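Heads up: the structure comes next, in structure tokens.
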Amino acid sequence: MPKSLKIYFSLSFFSLGLLAGLAVEAQARVIQVPTQYTSIRAAVDAATRGDTIEIAGGVYVESIVLMGNEKSGITIKGVGTPPPTITSNGQGRVISIYEADNVRITGVHITGGATAGQDIQNFGGGIFVDGSSGIEISNSLFTNNKAVYGGGLAFRGSNVSVINNTVQNNAVIAATNAYGGGMYLHGTTGLISGNTISNNTTAGPNAGPGGGVCMVVSSPAVTNNTFQGNKTSGLQHYGGGLYTYQCNGFSITNNTFTGNQGLDGGGMAIIASNPTIFNNLFTHNQGRWGGGVYGWQMASTIDSNTFTQNNASDGGGGILFDGSCGAVFTNNTVTGNQAVNWGGGVDLFISSCRIEQNVITLNTSARGGGVCITPSSDARISNNLITNNQATLFGGGLVVGDGSNGTIANNLLANNSATTQGGGICVYSGQNGVSSPKIVNNTIVSNQLGNTTDKSAGGGIRVGSSTPIIMNNIIAGHSTGGGIGADNSGPKSSNSYNNMWGNNATYVFVTAGTGATELFPAFIDTQGKDYHLLNTSTCLNKGNPDAAYNNPDGTRNHMGMYGGPWADWRPYVFIQTDKNSYVRGAKMRVTISEGTMSNAANLALGIALLRPNGDLIFYPHMSSDFAPWQTNLTLSKNAQVVNSTIPGYDSFLIPSDYSTGNYTWLCAFLDTATGKITSRISSTSFMVTP
């Protein structure tokens, strides 16, 4: 056959195929229930790929199945207000989707579904999706459904988008184990976004994890949801709001967890999983370990979250790390949480983590009002503000004990209190060994003890039969318990290059060591909580002269939290918007309050906008997107200041194409050498509405 003829036939067959495809698309129909079909099931049986089934208001009692490729691409859509109700009246699951891709369900109310039995009959009282991709479930209501796995919804081996639904008052109940009161996912990817997941429950006598959502070996992005009032029960009922097990490579961002209850992890339990946890709010959740969050074998980065008013009946009012190695807890605000026994704010139990650049304040516990590191833990606690925490026994700000080590560096521990010992820090040993942390370059000021008579109780630091290295700190303003106090006998701390000032005693049953001073530290403004040192401070360049402890600029160590190689010399500012919510196209006022600039190399100051889709946009301070409203914001001055003015911002125009959702401004710094954006503690969030 001539070559040209072969090409002709090929093109002809291609054209016929294309026309056939177009013909199939042209045949897509809108099928109306109950006008054309009296039941949804009959409409589904009649539908083919691309068809839309529109369901008018009313109550439909039936169970619906979409199975196989021939039911792919079908849309089931409720029309009108209120949405149509679909129920099985407790006689089985409401909707089942088996190996049918690109099915869309929107605008319906699914209620009264109930499953029981073996294997797939256990899954999803409201909806079960198995082995399907491109599934979208949106703008629907799931209430009062029951199952063993996923009371409202269950997904197995699928790719799904669950968007803008209300999942409420669903339950999982079983004779042994029950998983995911509102929703259950196994081997599933996709997106869970914009949902309200509330008042769902688990009731398994043995295991009942995930009152709101239970995820196993799954990795959907979990973003912009509200988990509220969910509850678990059973012997092992972890994660009141959300539970994950062996889930990796996904993110949990911009969610609110409030009023949830679980045995471990009132708000959320992360078990053998490593998600990125960013910009969530955990408030008024309750658990035994980890009122807000419980993490076991978790190596996540936990960044820019707020933990407030959570409660633990044992340890970790805000968050508890259990057997976790490699986790990074940074830029979080931990305030007003309570734990009965250990770690009102943060609790590390046999864990090795980095706790950096957090605000930890107004938390309460018996031991370690702010932070507890015990037993057998090894942590790096650096550049945190640990203030106004309370311990009803010991360790008002922080406790390190029972064979724990690590480094405590460049923190502010101020105005914490304890009843017996260690107003600021308490270090003790126990059955798991002697504790030997390094306590280096901290500012420890004005902590208090209820024990007013024992000067060895340690208003600043209490050393209980342990061997910490205490060096380059400023310890000042303790009217009870002295600066550093220890047991009269037993192991002692190694002290050097510390500055004591204004304490009712300095070193009690310990020696001052090399380089000790007792001089006025000359903070910039203790009333304004600025503990940078004035140019005249005698604590400048008086720390350990070994080059290993030099400041970031290579000069000799400054005593206190702003000295040494780990000191945070980045500029910092505090940010806020004029409102909490804006419509697209509106202008917002973004203001930056007083902070401090230093000579950190390669850093460009600006702010970064985190969008709901995870994009991070950096605006340098001279950006034309802003109209400067104050070009001479005077900053606090210290020895490192090289530029004492920065502009503020005003009149940021929200683009009309911005999606609705939760946005966050971060005080941010662009490393011009690496192009990496980093942030300080300060951030503020706002909503964009239609």
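Simple scheme: letters A, B, ... for chains in structure tokens order, numbers from 1 for residues in each chain, numbers from 1 for ligands in the order shown.
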Contacts of Pro82 in chain A at 9 Å (only C-alpha atoms; same-chain gap of 4+ positions) as a CSV table (one decimal) with N, CA, C and O atoms, in the first residue's frame:
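New file around.csv:
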chain,number,residue,atom,x,y,z
A,57,GLY,N,-35.8,18.5,46.0
A,57,GLY,CA,-36.0,18.4,47.5
A,57,GLY,C,-37.0,17.3,47.8
A,57,GLY,O,-37.8,16.9,47.0
A,58,GLY,N,-36.8,16.7,49.0
A,58,GLY,CA,-37.6,15.6,49.4
A,58,GLY,C,-36.8,14.6,50.2
A,58,GLY,O,-35.6,14.8,50.4
A,108,VAL,N,-26.3,17.2,48.8
A,108,VAL,CA,-27.3,16.3,49.3
A,108,VAL,C,-27.1,16.1,50.9
A,108,VAL,O,-26.1,16.4,51.4
A,109,HIS,N,-28.2,15.6,51.5
A,109,HIS,CA,-28.1,15.3,52.9
A,109,HIS,C,-28.2,13.8,53.0
A,109,HIS,O,-29.3,13.2,52.7
Inset, instruction - Write out as a VMD selection string each polymer residue whose atoms come within 9 Å of Asn248 in chain A, counting only C-alpha atoms; drop sequence neighbours fewer than 2 positions from it. - result: chain A and resid 217 to 219 245 to 246 250 to 251 272 to 276
Inset, instruction - Compile the contact shell of Ile192 in chain A as a list in words: residues with an atom at most 7 Å away, counting only C-alpha atoms, same-chain residues fewer than 4 positions apart removed. - result: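 Near Ile192 in chain A, the qualifying residues are Ser161, Val162, Ile163, Pro220, Ala221, Val222 and Thr223 of chain A.
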Inset, instruction - Apply DSSP to the backbone of this structure and, from range 236-478 of chain A, keep only the residues in strand (DSSP E); write these as a count of residues only. - result: 127
Inset, instruction - Write out as a list in words each polymer residue whose atoms come within 6 Å of Met687 in chain A, counting only C-alpha atoms; drop sequence neighbours fewer than 4 positions from it. - result: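 Here the qualifying residues turn out to be Ser581, Gly661 and Asn662 of chain A.
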If you count only C-alpha atoms, which residues fall within 12 Å of Pro655 in chain A, apart from same-chain ones fewer than 6 positions away, as an mmCIF file with all heavy atoms, in the first residue's frame?
data_model
loop_
_atom_site.group_PDB
_atom_site.id
_atom_site.type_symbol
_atom_site.label_atom_id
_atom_site.label_comp_id
_atom_site.auth_asym_id
_atom_site.auth_seq_id
_atom_site.Cartn_x
_atom_site.Cartn_y
_atom_site.Cartn_z
ATOM 1 N N TYR A 582 -12.094 39.792 54.977
ATOM 2 C CA TYR A 582 -12.142 40.746 53.869
ATOM 3 C C TYR A 582 -12.792 40.091 52.656
ATOM 4 O O TYR A 582 -12.697 38.872 52.470
ATOM 5 C CB TYR A 582 -10.728 41.199 53.469
ATOM 6 C CG TYR A 582 -9.928 41.809 54.582
ATOM 7 C CD1 TYR A 582 -9.192 40.992 55.444
ATOM 8 C CD2 TYR A 582 -9.889 43.180 54.781
ATOM 9 C CE1 TYR A 582 -8.447 41.539 56.473
ATOM 10 C CE2 TYR A 582 -9.143 43.738 55.806
ATOM 11 C CZ TYR A 582 -8.427 42.911 56.649
ATOM 12 O OH TYR A 582 -7.690 43.463 57.666
ATOM 13 N N VAL A 583 -13.423 40.919 51.825
ATOM 14 C CA VAL A 583 -13.914 40.432 50.547
ATOM 15 C C VAL A 583 -12.827 40.639 49.501
ATOM 16 O O VAL A 583 -11.939 41.484 49.655
ATOM 17 C CB VAL A 583 -15.205 41.154 50.120
ATOM 18 C CG1 VAL A 583 -16.316 40.880 51.108
ATOM 19 C CG2 VAL A 583 -14.977 42.653 49.969
ATOM 20 N N ARG A 584 -12.886 39.872 48.436
ATOM 21 C CA ARG A 584 -11.920 40.032 47.360
ATOM 22 C C ARG A 584 -12.017 41.436 46.765
ATOM 23 O O ARG A 584 -13.111 41.975 46.575
ATOM 24 C CB ARG A 584 -12.155 38.969 46.289
ATOM 25 C CG ARG A 584 -11.697 37.593 46.720
ATOM 26 C CD ARG A 584 -12.030 36.536 45.707
ATOM 27 N NE ARG A 584 -13.465 36.259 45.690
ATOM 28 C CZ ARG A 584 -14.012 35.137 45.211
ATOM 29 N NH1 ARG A 584 -13.230 34.204 44.720
ATOM 30 N NH2 ARG A 584 -15.296 34.953 45.221
ATOM 31 N N GLY A 585 -10.862 42.015 46.484
ATOM 32 C CA GLY A 585 -10.812 43.365 45.948
ATOM 33 C C GLY A 585 -10.744 44.450 47.004
ATOM 34 O O GLY A 585 -10.569 45.629 46.674
ATOM 35 N N ALA A 586 -10.864 44.062 48.290
ATOM 36 C CA ALA A 586 -10.810 45.055 49.370
ATOM 37 C C ALA A 586 -9.371 45.410 49.711
ATOM 38 O O ALA A 586 -8.425 44.713 49.345
ATOM 39 C CB ALA A 586 -11.525 44.514 50.602
ATOM 40 N N LYS A 587 -9.222 46.515 50.441
ATOM 41 C CA LYS A 587 -7.915 46.899 50.945
ATOM 42 C C LYS A 587 -7.820 46.563 52.422
ATOM 43 O O LYS A 587 -8.784 46.710 53.167
ATOM 44 C CB LYS A 587 -7.678 48.399 50.744
ATOM 45 C CG LYS A 587 -7.476 48.799 49.292
ATOM 46 C CD LYS A 587 -7.162 50.281 49.181
ATOM 47 C CE LYS A 587 -6.906 50.664 47.719
ATOM 48 N NZ LYS A 587 -6.577 52.107 47.584
ATOM 49 N N MET A 588 -6.667 46.106 52.847
ATOM 50 C CA MET A 588 -6.441 45.850 54.257
ATOM 51 C C MET A 588 -5.260 46.680 54.747
ATOM 52 O O MET A 588 -4.367 47.043 53.973
ATOM 53 C CB MET A 588 -6.170 44.365 54.529
ATOM 54 C CG MET A 588 -4.828 43.871 54.022
ATOM 55 S SD MET A 588 -4.354 42.308 54.804
ATOM 56 C CE MET A 588 -5.717 41.274 54.370
ATOM 57 N N ASP A 625 3.623 46.739 46.216
ATOM 58 C CA ASP A 625 2.291 46.251 46.557
ATOM 59 C C ASP A 625 1.736 46.935 47.799
ATOM 60 O O ASP A 625 0.554 46.819 48.100
ATOM 61 C CB ASP A 625 2.324 44.738 46.802
ATOM 62 C CG ASP A 625 2.539 43.976 45.517
ATOM 63 O OD1 ASP A 625 1.564 43.857 44.754
ATOM 64 O OD2 ASP A 625 3.668 43.530 45.269
ATOM 65 N N VAL A 688 -10.592 35.417 53.565
ATOM 66 C CA VAL A 688 -11.085 36.065 52.350
ATOM 67 C C VAL A 688 -12.415 35.404 52.006
ATOM 68 O O VAL A 688 -12.500 34.178 51.885
ATOM 69 C CB VAL A 688 -10.096 35.923 51.184
ATOM 70 C CG1 VAL A 688 -10.714 36.420 49.887
ATOM 71 C CG2 VAL A 688 -8.822 36.709 51.477
ATOM 72 N N PRO A 690 -16.245 35.553 49.635
ATOM 73 C CA PRO A 690 -16.680 35.944 48.277
ATOM 74 C C PRO A 690 -17.124 37.407 48.208
ATOM 75 O O PRO A 690 -17.591 37.975 49.174
ATOM 76 C CB PRO A 690 -17.850 35.001 48.001
ATOM 77 C CG PRO A 690 -17.642 33.839 48.907
ATOM 78 C CD PRO A 690 -16.995 34.391 50.133
#
Ser39 in chain A surroundings by only C-alpha atoms, 10 Å radius, close-in-sequence under 6 positions cut, as a PDB file with C-alpha atoms, in the first residue's frame:
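And here is the file that came out, result-v8.pdb:
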ATOM      1  CA  GLN A  32     -34.128  14.576  36.916  1.00  0.00           C
ATOM      2  CA  VAL A  33     -35.452  12.880  40.031  1.00  0.00           C
ATOM      3  CA  ILE A  55     -32.380  15.448  42.684  1.00  0.00           C
ATOM      4  CA  TYR A  60     -35.564   9.381  49.364  1.00  0.00           C
ATOM      5  CA  VAL A  61     -35.393   6.045  51.176  1.00  0.00           C
ATOM      6  CA  GLU A  62     -32.986   3.843  49.270  1.00  0.00           C
ATOM      7  CA  ILE A  64     -27.530   3.385  45.818  1.00  0.00           C
TER       8      ILE A  64
END
Inset, instruction - Would you mind listing what lies within 6 Å of range 111-114 of chain A as a ChimeraX atom specification, with only C-alpha atoms counted and same-chain residues fewer than 5 positions away left out? - result: /A:87-90,92-94,125-126,142-147
Generate the output file for the selected residues, N, CA, C and O atoms, as a PDB file, in the first residue's frame.
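Listing of result10.pdb after writing:
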ATOM      1  N   THR A  87     -31.714   8.494  52.652  1.00  0.00           N
ATOM      2  CA  THR A  87     -31.548   7.681  53.854  1.00  0.00           C
ATOM      3  C   THR A  87     -31.889   6.230  53.564  1.00  0.00           C
ATOM      4  O   THR A  87     -32.715   5.932  52.690  1.00  0.00           O
ATOM      5  N   SER A  88     -31.227   5.350  54.290  1.00  0.00           N
ATOM      6  CA  SER A  88     -31.602   3.936  54.211  1.00  0.00           C
ATOM      7  C   SER A  88     -32.474   3.533  55.384  1.00  0.00           C
ATOM      8  O   SER A  88     -32.841   2.356  55.501  1.00  0.00           O
ATOM      9  N   ASN A  89     -32.773   4.489  56.250  1.00  0.00           N
ATOM     10  CA  ASN A  89     -33.547   4.202  57.468  1.00  0.00           C
ATOM     11  C   ASN A  89     -32.940   3.068  58.285  1.00  0.00           C
ATOM     12  O   ASN A  89     -33.630   2.230  58.849  1.00  0.00           O
ATOM     13  N   GLY A  90     -31.589   3.079  58.331  1.00  0.00           N
ATOM     14  CA  GLY A  90     -30.896   2.086  59.145  1.00  0.00           C
ATOM     15  C   GLY A  90     -30.797   0.721  58.521  1.00  0.00           C
ATOM     16  O   GLY A  90     -30.361  -0.229  59.180  1.00  0.00           O
ATOM     17  N   GLY A  92     -28.832  -0.488  55.976  1.00  0.00           N
ATOM     18  CA  GLY A  92     -27.692  -0.595  55.093  1.00  0.00           C
ATOM     19  C   GLY A  92     -27.089   0.751  54.748  1.00  0.00           C
ATOM     20  O   GLY A  92     -27.555   1.808  55.186  1.00  0.00           O
ATOM     21  N   ARG A  93     -26.040   0.707  53.944  1.00  0.00           N
ATOM     22  CA  ARG A  93     -25.339   1.916  53.512  1.00  0.00           C
ATOM     23  C   ARG A  93     -26.191   2.701  52.536  1.00  0.00           C
ATOM     24  O   ARG A  93     -26.964   2.143  51.755  1.00  0.00           O
ATOM     25  N   VAL A  94     -25.993   4.027  52.509  1.00  0.00           N
ATOM     26  CA  VAL A  94     -26.778   4.869  51.615  1.00  0.00           C
ATOM     27  C   VAL A  94     -26.198   4.858  50.202  1.00  0.00           C
ATOM     28  O   VAL A  94     -26.913   4.609  49.228  1.00  0.00           O
ATOM     29  N   GLY A 125     -21.234   4.166  56.843  1.00  0.00           N
ATOM     30  CA  GLY A 125     -22.689   4.133  56.919  1.00  0.00           C
ATOM     31  C   GLY A 125     -23.348   5.038  55.897  1.00  0.00           C
ATOM     32  O   GLY A 125     -24.374   4.698  55.312  1.00  0.00           O
ATOM     33  N   GLY A 126     -22.738   6.217  55.646  1.00  0.00           N
ATOM     34  CA  GLY A 126     -23.298   7.140  54.668  1.00  0.00           C
ATOM     35  C   GLY A 126     -22.806   6.866  53.270  1.00  0.00           C
ATOM     36  O   GLY A 126     -23.603   6.620  52.348  1.00  0.00           O
ATOM     37  N   PHE A 142     -23.765  15.083  56.226  1.00  0.00           N
ATOM     38  CA  PHE A 142     -23.773  13.683  56.655  1.00  0.00           C
ATOM     39  C   PHE A 142     -24.097  13.642  58.144  1.00  0.00           C
ATOM     40  O   PHE A 142     -23.304  14.116  58.962  1.00  0.00           O
ATOM     41  N   THR A 143     -25.239  13.087  58.492  1.00  0.00           N
ATOM     42  CA  THR A 143     -25.645  13.062  59.896  1.00  0.00           C
ATOM     43  C   THR A 143     -26.217  11.698  60.272  1.00  0.00           C
ATOM     44  O   THR A 143     -26.869  11.027  59.470  1.00  0.00           O
ATOM     45  N   ASN A 144     -25.955  11.308  61.521  1.00  0.00           N
ATOM     46  CA  ASN A 144     -26.596  10.150  62.139  1.00  0.00           C
ATOM     47  C   ASN A 144     -26.448   8.860  61.326  1.00  0.00           C
ATOM     48  O   ASN A 144     -27.374   8.060  61.223  1.00  0.00           O
ATOM     49  N   ASN A 145     -25.255   8.681  60.756  1.00  0.00           N
ATOM     50  CA  ASN A 145     -24.924   7.422  60.104  1.00  0.00           C
ATOM     51  C   ASN A 145     -24.054   6.582  61.038  1.00  0.00           C
ATOM     52  O   ASN A 145     -23.355   7.118  61.900  1.00  0.00           O
ATOM     53  N   LYS A 146     -24.073   5.246  60.838  1.00  0.00           N
ATOM     54  CA  LYS A 146     -23.323   4.351  61.718  1.00  0.00           C
ATOM     55  C   LYS A 146     -22.606   3.282  60.900  1.00  0.00           C
ATOM     56  O   LYS A 146     -23.100   2.832  59.867  1.00  0.00           O
ATOM     57  N   ALA A 147     -21.432   2.894  61.394  1.00  0.00           N
ATOM     58  CA  ALA A 147     -20.653   1.829  60.766  1.00  0.00           C
ATOM     59  C   ALA A 147     -19.640   1.324  61.772  1.00  0.00           C
ATOM     60  O   ALA A 147     -19.643   1.728  62.948  1.00  0.00           O
TER      61      ALA A 147
END
